[in-house]
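To keep things clear, I will list the structure first and then write my remarks on it.
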Amino acid sequence: MRELPKDIDADVVIEISKLLDDSPLFVPVRVHELAASVRQKVKTGLPNLSIEELIVEMASVRQLAMAFDPPGSENVVQIPIRSPRR
């Protein structure tokens, strides 16, 4: 990972790392939800966009799938559940 700028809070990076390490490998990381969770757990002056950029960078290094659906968005396509053949 790259060296962090001085305005990045190390506590935010540590919290993101913990949350990504705990996330299942086959479920996409929901970037906006994870940023909100980080904001609740760590007091920081970073804007949401900076937190989301860190999440994307750190999830990319771990080769995790990501979902970029903001809360309340209606642009998410629901994948139908396939019923078993009889």
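Residue numbers start at 1 in each chain; chains themselves are named A, B, ... in the order of the structure tokens; ligands are numbered from 1 in the order shown.
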
As an NGL selection string, please: the residues near range 21-33 of chain A (cut-off 6 Å, only C-alpha atoms, same-chain neighbours under 6 positions excluded). :A and (65-68 or 70)

File of the preceding selection, N, CA and C atoms, as a compact mmCIF listing (two decimals), in the first residue's frame:
```txt
# COMPACT_ATOMS: atom_id res chain seq x y z
N ALA A 65 -14.40 -8.02 -4.06
CA ALA A 65 -15.45 -7.42 -4.89
C ALA A 65 -16.06 -6.25 -4.13
N MET A 66 -16.50 -5.23 -4.87
CA MET A 66 -17.06 -4.04 -4.24
C MET A 66 -18.39 -3.68 -4.89
N ALA A 67 -19.27 -3.10 -4.07
CA ALA A 67 -20.55 -2.58 -4.56
C ALA A 67 -20.58 -1.09 -4.26
N PHE A 68 -20.98 -0.30 -5.25
CA PHE A 68 -20.97 1.15 -5.11
C PHE A 68 -22.38 1.73 -5.12
N PRO A 70 -25.10 3.75 -3.41
CA PRO A 70 -25.36 4.63 -2.27
C PRO A 70 -26.71 4.28 -1.62
```

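Minimum atom-to-atom distance to Val38 in chain A, evaluated using only C-alpha atoms, belongs to A:Leu19 out of A:Ala59, A:Ile8, A:Leu64, A:Leu19.
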
If you run DSSP on the backbone, which residues of range 3-78 of chain A are strand (DSSP E), as a VMD selection string? chain A and resid 29 to 30 66 to 67

Include C-alpha atoms and write out the residues we just selected as a compact mmCIF listing (two decimals), in the first residue's frame.
```
# COMPACT_ATOMS: atom_id res chain seq x y z
CA VAL A 29 -17.87 -4.88 0.08
CA ARG A 30 -20.54 -2.17 0.21
CA MET A 66 -17.06 -4.04 -4.24
CA ALA A 67 -20.55 -2.58 -4.56
```

Neighbouring residues of Ser37 in chain A were defined as those with any atom within 12 Å, considering only C-alpha atoms; residues of the same chain fewer than 5 positions away were excluded. Please report them as number ranges by chain. A: 12, 15-16, 18-20, 30-32, 42-43, 48, 51-52, 55

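Comparing A:Lys41, A:Ala36, A:Asp69, A:Val13 by their smallest distance to Leu54 in chain A, the closest is A:Val13 (using only C-alpha atoms).
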
If you measure from CA of Met58 in chain A to CA of Leu34 in chain A, what distance in Å do you get, rounded to one decimal?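 Separating CA of Met58 in chain A from CA of Leu34 in chain A is a distance of 12.1 Å.
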
Check the DSSP output for the backbone and give back, as a list of chain:residue names, the residues of range 25-66 of chain A in helix (DSSP H, G or I).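 Taking range 25-66 of chain A and keeping helix (DSSP H, G or I) gives A:Val31, A:His32, A:Glu33, A:Leu34, A:Ala35, A:Ala36, A:Ser37, A:Val38, A:Arg39, A:Gln40, A:Lys41, A:Asn48, A:Leu49, A:Ser50, A:Ile51, A:Glu52, A:Glu53, A:Leu54, A:Ile55, A:Val56, A:Glu57, A:Met58, A:Ala59, A:Ser60, A:Val61.
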
How about saving the chosen residues, C-alpha atoms kept, as a PDB file, in the first residue's frame?
```pdb
ATOM      1  CA  VAL A  31     -18.335   0.903   0.040  1.00  0.00           C
ATOM      2  CA  HIS A  32     -20.888   3.476   1.242  1.00  0.00           C
ATOM      3  CA  GLU A  33     -22.104   1.306   4.131  1.00  0.00           C
ATOM      4  CA  LEU A  34     -18.545   0.545   5.218  1.00  0.00           C
ATOM      5  CA  ALA A  35     -17.687   4.269   5.166  1.00  0.00           C
ATOM      6  CA  ALA A  36     -20.700   4.990   7.377  1.00  0.00           C
ATOM      7  CA  SER A  37     -19.624   2.230   9.761  1.00  0.00           C
ATOM      8  CA  VAL A  38     -16.093   3.646   9.949  1.00  0.00           C
ATOM      9  CA  ARG A  39     -17.481   7.114  10.639  1.00  0.00           C
ATOM     10  CA  GLN A  40     -19.555   5.736  13.552  1.00  0.00           C
ATOM     11  CA  LYS A  41     -16.612   3.905  15.120  1.00  0.00           C
ATOM     12  CA  ASN A  48     -16.777  10.645   3.340  1.00  0.00           C
ATOM     13  CA  LEU A  49     -15.168  10.729  -0.104  1.00  0.00           C
ATOM     14  CA  SER A  50     -11.684  10.307   1.397  1.00  0.00           C
ATOM     15  CA  ILE A  51     -12.862   7.403   3.552  1.00  0.00           C
ATOM     16  CA  GLU A  52     -14.496   5.764   0.528  1.00  0.00           C
ATOM     17  CA  GLU A  53     -11.319   6.198  -1.543  1.00  0.00           C
ATOM     18  CA  LEU A  54      -9.317   4.467   1.189  1.00  0.00           C
ATOM     19  CA  ILE A  55     -11.853   1.630   1.305  1.00  0.00           C
ATOM     20  CA  VAL A  56     -11.663   1.161  -2.465  1.00  0.00           C
ATOM     21  CA  GLU A  57      -7.864   1.188  -2.450  1.00  0.00           C
ATOM     22  CA  MET A  58      -7.608  -1.228   0.473  1.00  0.00           C
ATOM     23  CA  ALA A  59     -10.289  -3.571  -0.910  1.00  0.00           C
ATOM     24  CA  SER A  60      -8.559  -3.552  -4.309  1.00  0.00           C
ATOM     25  CA  VAL A  61      -5.276  -4.637  -2.747  1.00  0.00           C
TER      26      VAL A  61
END
```
